[in-house]
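The data block below is protein_35.json; it holds JSON, C-alpha atoms.
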```json
[["chain", "number", "residue", "atom", "x", "y", "z"],
["A", 1, "MET", "CA", 0.00, 0.00, 0.00],
["A", 2, "LYS", "CA", 1.29, 3.43, -0.89],
["A", 3, "ILE", "CA", 0.48, 6.92, 0.27],
["A", 4, "LYS", "CA", 0.02, 9.25, -2.70],
["A", 5, "ILE", "CA", 0.62, 13.01, -2.69],
["A", 6, "ASP", "CA", -0.65, 15.48, -5.28],
["A", 7, "GLU", "CA", 2.39, 16.52, -7.31],
["A", 8, "LYS", "CA", 1.14, 19.78, -8.88],
["A", 9, "GLU", "CA", 1.90, 21.95, -5.86],
["A", 10, "PHE", "CA", 5.14, 20.15, -5.26],
["A", 11, "ILE", "CA", 6.31, 20.78, -8.85],
["A", 12, "LYS", "CA", 5.61, 24.51, -8.35],
["A", 13, "PHE", "CA", 7.63, 24.32, -5.15],
["A", 14, "LEU", "CA", 10.54, 22.65, -6.96],
["A", 15, "LYS", "CA", 10.56, 25.41, -9.60],
["A", 16, "GLU", "CA", 10.65, 28.00, -6.80],
["A", 17, "CYS", "CA", 13.55, 26.11, -5.23],
["A", 18, "LYS", "CA", 15.51, 26.25, -8.48],
["A", 19, "LYS", "CA", 14.89, 29.99, -8.70],
["A", 20, "ASN", "CA", 16.23, 30.53, -5.19],
["A", 21, "SER", "CA", 18.99, 27.93, -5.68],
["A", 22, "VAL", "CA", 17.80, 25.80, -2.75],
["A", 23, "VAL", "CA", 17.99, 22.01, -2.61],
["A", 24, "ALA", "CA", 14.47, 20.63, -2.11],
["A", 25, "ARG", "CA", 15.51, 17.09, -1.20],
["A", 26, "PRO", "CA", 15.98, 17.70, 2.58],
["A", 27, "ILE", "CA", 12.52, 19.30, 2.78],
["A", 28, "LEU", "CA", 10.96, 16.28, 1.09],
["A", 29, "ASP", "CA", 12.97, 13.93, 3.33],
["A", 30, "ASP", "CA", 11.79, 15.67, 6.52],
["A", 31, "GLY", "CA", 8.16, 15.43, 5.39],
["A", 32, "LEU", "CA", 8.44, 11.75, 4.49],
["A", 33, "ASN", "CA", 10.16, 10.95, 7.79],
["A", 34, "GLU", "CA", 7.32, 12.63, 9.69],
["A", 35, "ILE", "CA", 4.71, 10.74, 7.66],
["A", 36, "GLY", "CA", 6.52, 7.46, 8.42],
["A", 37, "ALA", "CA", 6.72, 8.26, 12.14],
["A", 38, "ARG", "CA", 3.02, 9.12, 12.29],
["A", 39, "LEU", "CA", 2.12, 5.92, 10.47],
["A", 40, "LEU", "CA", 4.24, 3.87, 12.89],
["A", 41, "ARG", "CA", 2.61, 5.55, 15.90],
["A", 42, "ARG", "CA", -0.92, 4.98, 14.62],
["A", 43, "VAL", "CA", -0.37, 1.35, 13.67],
["A", 44, "LYS", "CA", 1.12, 0.63, 17.11],
["A", 45, "GLN", "CA", -1.88, 2.22, 18.80],
["A", 46, "LYS", "CA", -4.27, 0.06, 16.77],
["A", 47, "THR", "CA", -2.38, -3.20, 17.39],
["A", 48, "PRO", "CA", -4.21, -5.44, 19.89],
["A", 49, "VAL", "CA", -2.44, -6.52, 23.08],
["A", 50, "GLY", "CA", -3.13, -9.49, 25.35],
["A", 51, "LEU", "CA", -5.09, -9.07, 28.56],
["A", 52, "SER", "CA", -3.55, -8.04, 31.86],
["A", 53, "GLN", "CA", -4.74, -9.98, 34.91],
["A", 54, "GLU", "CA", -4.32, -9.40, 38.61],
["A", 55, "GLY", "CA", -2.69, -12.31, 40.37],
["A", 56, "LYS", "CA", 0.11, -13.51, 42.58],
["A", 57, "ILE", "CA", 3.68, -12.99, 41.42],
["A", 58, "ALA", "CA", 6.63, -14.92, 42.84],
["A", 59, "ARG", "CA", 9.23, -12.70, 44.53],
["A", 60, "ARG", "CA", 12.89, -12.97, 43.53],
["A", 61, "ASP", "CA", 16.12, -11.84, 45.17],
["A", 62, "LYS", "CA", 19.07, -9.94, 43.67],
["A", 63, "ASP", "CA", 20.41, -13.10, 42.03],
["A", 64, "ASN", "CA", 17.00, -13.74, 40.41],
["A", 65, "LYS", "CA", 16.37, -16.78, 42.63],
["A", 66, "LEU", "CA", 12.94, -17.47, 44.09],
["A", 67, "MET", "CA", 12.57, -16.19, 47.67],
["A", 68, "ARG", "CA", 11.25, -18.68, 50.25],
["A", 69, "TYR", "CA", 9.95, -18.28, 53.78],
["A", 70, "LYS", "CA", 12.57, -19.37, 56.35],
["A", 71, "VAL", "CA", 10.44, -19.51, 59.51],
["A", 72, "GLY", "CA", 6.80, -19.80, 60.51],
["A", 73, "ALA", "CA", 3.83, -21.71, 59.18],
["A", 74, "LYS", "CA", 4.81, -21.02, 55.56],
["A", 75, "LYS", "CA", 8.40, -22.27, 55.98],
["A", 76, "GLY", "CA", 9.76, -23.46, 52.62],
["A", 77, "GLN", "CA", 6.95, -21.93, 50.54],
["A", 78, "ILE", "CA", 7.68, -19.38, 47.81],
["A", 79, "LYS", "CA", 7.09, -15.74, 48.77],
["A", 80, "THR", "CA", 4.51, -14.01, 46.57],
["A", 81, "ARG", "CA", 3.06, -10.56, 46.14],
["A", 82, "ASN", "CA", -0.13, -9.32, 44.53],
["A", 83, "GLY", "CA", 0.38, -7.61, 41.21],
["A", 84, "VAL", "CA", -0.62, -7.37, 37.59],
["A", 85, "VAL", "CA", 0.49, -10.15, 35.28],
["A", 86, "HIS", "CA", 0.90, -8.87, 31.73],
["A", 87, "GLN", "CA", 0.44, -11.23, 28.84],
["A", 88, "GLY", "CA", 1.22, -10.18, 25.32],
["A", 89, "GLY", "CA", 2.47, -6.99, 23.72],
["A", 90, "ASN", "CA", 4.90, -8.80, 21.41],
["A", 91, "LEU", "CA", 2.95, -7.87, 18.27],
["A", 92, "ARG", "CA", 2.88, -4.18, 19.25],
["A", 93, "ARG", "CA", 6.61, -4.14, 20.11],
["A", 94, "SER", "CA", 7.45, -5.77, 16.76],
["A", 95, "TRP", "CA", 6.50, -2.75, 14.60],
["A", 96, "TYR", "CA", 9.41, -0.90, 12.99],
["A", 97, "ALA", "CA", 9.95, 1.83, 10.41],
["A", 98, "THR", "CA", 12.99, 2.04, 8.15],
["A", 99, "ASN", "CA", 15.01, 5.17, 7.70],
["A", 100, "LEU", "CA", 14.28, 7.06, 4.52],
["A", 101, "ILE", "CA", 15.23, 4.97, 1.47],
["A", 102, "LYS", "CA", 16.24, 7.15, -1.48],
["A", 103, "LYS", "CA", 16.15, 5.98, -5.05],
["A", 104, "ALA", "CA", 16.78, 7.95, -8.24],
["A", 105, "ASP", "CA", 13.16, 8.99, -8.78],
["A", 106, "SER", "CA", 11.49, 8.16, -5.45],
["A", 107, "SER", "CA", 11.88, 8.06, -1.69],
["A", 108, "LEU", "CA", 10.10, 5.79, 0.74],
["A", 109, "VAL", "CA", 9.76, 4.82, 4.39],
["A", 110, "MET", "CA", 8.70, 1.23, 5.06],
["A", 111, "VAL", "CA", 6.66, 0.28, 8.13],
["A", 112, "TYR", "CA", 6.76, -3.45, 8.90],
["A", 113, "ASN", "CA", 6.21, -6.01, 11.64],
["A", 114, "THR", "CA", 8.71, -8.75, 12.48],
["A", 115, "ALA", "CA", 6.28, -11.02, 14.38],
["A", 116, "ARG", "CA", 5.62, -14.20, 12.43],
["A", 117, "TYR", "CA", 1.89, -14.07, 13.13],
["A", 118, "ALA", "CA", 1.36, -10.39, 12.26],
["A", 119, "MET", "CA", -0.25, -11.07, 8.87],
["A", 120, "TYR", "CA", -2.80, -13.43, 10.48],
["A", 121, "VAL", "CA", -3.89, -10.71, 12.90],
["A", 122, "GLU", "CA", -3.89, -8.09, 10.12],
["A", 123, "TYR", "CA", -5.88, -10.03, 7.50],
["A", 124, "GLY", "CA", -7.62, -12.79, 9.53],
["A", 125, "HIS", "CA", -7.15, -16.55, 9.55],
["A", 126, "ARG", "CA", -8.86, -19.94, 9.52],
["A", 127, "GLN", "CA", -9.09, -22.25, 12.50],
["A", 128, "THR", "CA", -10.55, -25.64, 13.37],
["A", 129, "PRO", "CA", -13.76, -25.41, 15.44],
["A", 130, "GLY", "CA", -13.83, -27.68, 18.49],
["A", 131, "ARG", "CA", -10.05, -27.73, 18.95],
["A", 132, "PHE", "CA", -9.00, -27.09, 22.57],
["A", 133, "VAL", "CA", -6.39, -24.35, 23.05],
["A", 134, "PRO", "CA", -4.64, -24.70, 26.44],
["A", 135, "VAL", "CA", -3.43, -21.08, 26.52],
["A", 136, "LEU", "CA", -7.00, -19.78, 26.14],
["A", 137, "LYS", "CA", -8.47, -22.64, 28.20],
["A", 138, "LYS", "CA", -11.31, -22.83, 25.64],
["A", 139, "ARG", "CA", -12.45, -24.66, 22.57],
["A", 140, "LEU", "CA", -12.43, -22.74, 19.27],
["A", 141, "LYS", "CA", -15.88, -21.89, 17.90],
["A", 142, "ALA", "CA", -15.56, -19.92, 14.66],
["A", 143, "ARG", "CA", -14.07, -21.19, 11.39],
["A", 144, "TRP", "CA", -12.78, -17.73, 10.45],
["A", 145, "VAL", "CA", -11.30, -15.03, 12.67],
["A", 146, "LYS", "CA", -11.68, -11.56, 11.16],
["A", 147, "GLY", "CA", -8.58, -9.45, 10.66],
["A", 148, "ARG", "CA", -7.94, -6.26, 12.61],
["A", 149, "PHE", "CA", -6.54, -4.35, 9.58],
["A", 150, "MET", "CA", -4.46, -2.08, 11.83],
["A", 151, "LEU", "CA", -1.92, -1.27, 9.10],
["A", 152, "LYS", "CA", -4.54, -0.74, 6.39],
["A", 153, "LYS", "CA", -6.62, 1.59, 8.60],
["A", 154, "SER", "CA", -3.52, 3.52, 9.69],
["A", 155, "ILE", "CA", -2.39, 4.01, 6.09],
["A", 156, "GLU", "CA", -5.85, 5.34, 5.17],
["A", 157, "GLU", "CA", -5.71, 7.82, 8.07],
["A", 158, "VAL", "CA", -2.18, 9.01, 7.33],
["A", 159, "ASP", "CA", -3.00, 9.22, 3.61],
["A", 160, "VAL", "CA", -5.49, 11.97, 4.47],
["A", 161, "LEU", "CA", -2.88, 13.81, 6.59],
["A", 162, "ALA", "CA", 0.07, 13.45, 4.19],
["A", 163, "PRO", "CA", -0.62, 16.52, 2.00],
["A", 164, "SER", "CA", -0.97, 18.81, 5.04],
["A", 165, "ILE", "CA", 2.25, 17.42, 6.55],
["A", 166, "MET", "CA", 4.14, 18.07, 3.33],
["A", 167, "ARG", "CA", 2.56, 21.55, 3.07],
["A", 168, "LYS", "CA", 3.75, 22.31, 6.61],
["A", 169, "HIS", "CA", 7.36, 21.39, 5.73],
["A", 170, "ILE", "CA", 7.23, 23.36, 2.47],
["A", 171, "ARG", "CA", 5.85, 26.44, 4.27],
["A", 172, "LYS", "CA", 8.59, 26.19, 6.86],
["A", 173, "ALA", "CA", 11.21, 26.14, 4.08],
["A", 174, "VAL", "CA", 9.59, 29.06, 2.23],
["A", 175, "ASP", "CA", 9.44, 31.12, 5.46],
["A", 176, "ILE", "CA", 13.19, 30.62, 5.88],
["A", 177, "TRP", "CA", 13.82, 32.06, 2.37],
["A", 178, "LYS", "CA", 11.79, 35.21, 3.03]]
```
This entry written out as structure tokens:
Amino acid sequence: MKIKIDEKEFIKFLKECKKNSVVARPILDDGLNEIGARLLRRVKQKTPVGLSQEGKIARRDKDNKLMRYKVGAKKGQIKTRNGVVHQGGNLRRSWYATNLIKKADSSLVMVYNTARYAMYVEYGHRQTPGRFVPVLKKRLKARWVKGRFMLKKSIEEVDVLAPSIMRKHIRKAVDIWK
């Protein structure tokens, strides 16, 4: 999926740059970097994360060994504390954006996910109804799990913002010339 920008205004801007003997490439690069950063932020916000549950957490000492009671009725048992047990977040942490990639006639910033299962969450997947999943402690019911389309939705949102972001960077450059 690509984000498209109207080129008419940008061509006028390039002509103005040539008149004032200014290199337009850094202005374009700054705009594209901001668009890439905004896309990365939005896609991370839309990425689902596992549930957090309150529960007992085993306490550990400085050497990362389990702490045990030494005296009393609980002698030998592992010391615990109440806290929040977080499950998940790997998919959200796996989003990355490349630095600006320049080619002869184009520049791009790629946003990608390194988690192996990212495309199944993005687009959806099949599953076998009735199969027991120990992690969920449930049997599967549906044949098809709908995708979340977090990247697709984020691209559509940033696509609307892209022209105004580029305009902002162009205005900043023009203000410097004046």
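Straight-line separation from atom CA of A:Glu16 to atom CA of A:Gly36: 25.9 Å.
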Would you kindly return, as a list of chain:residue names, each protein, DNA or RNA residue with an atom no farther than 8 Å from any atom of stretch 111-120 of chain A, considering all atoms listed in the file and excluding same-chain residues fewer than 5 positions away?
->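 Counting only the stated atoms, we get A:Gly36, A:Leu39, A:Leu40, A:Asn90, A:Leu91, A:Ser94, A:Trp95, A:Tyr96, A:Ala97, A:Thr98, A:His125, A:Gly147.
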Exercise: A:Ser164 partners within 12 Å, only C-alpha atoms, chain neighbours under 2 positions left out, as a list of chain:residue names |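 The contact residues come out as A:Ile5, A:Asp6, A:Glu9, A:Gly31, A:Leu32, A:Glu34, A:Ile35, A:Val158, A:Asp159, A:Val160, A:Leu161, A:Ala162, A:Met166, A:Arg167, A:Lys168, A:His169, A:Ile170, A:Arg171.
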Taking (15.5, 7.1, 1.6) in the file's coordinates as the center, which residues reach within 12 Å of it, counting all atoms listed in the file, put as a list in words?
-> Arg25, Pro26, Leu28, Asp29, Asp30, Gly31, Leu32, Asn33, Gly36, Ala97, Thr98, Asn99, Leu100, Ile101, Lys102, Lys103, Ala104, Asp105, Ser106, Ser107, Leu108, Val109 and Met110 of chain A
Quick one: 4 Å padding each side, axis-aligned, all listed atoms of stretch 35-46 of chain A - centre and edge lengths in Å to one decimal, as JSON?
```
{"center_x": 1.2, "center_y": 5.4, "center_z": 13.2, "size_x": 19.0, "size_y": 18.7, "size_z": 19.1}
```
Within 9 Å of A:Ile57, counting only C-alpha atoms, which residues show up once you throw out same-chain ones fewer than 3 positions away? Write them as a PyMOL selection string, please.
-> chain A and resi 79-85
Work out how far atom CA of A:Gln53 is from atom CA of A:Phe132, in Å to one decimal.
-> 21.5 Å
Between atom CA of A:Lys46 and atom CA of A:Ile27, what is the spacing in Å?
-> 29.1 Å
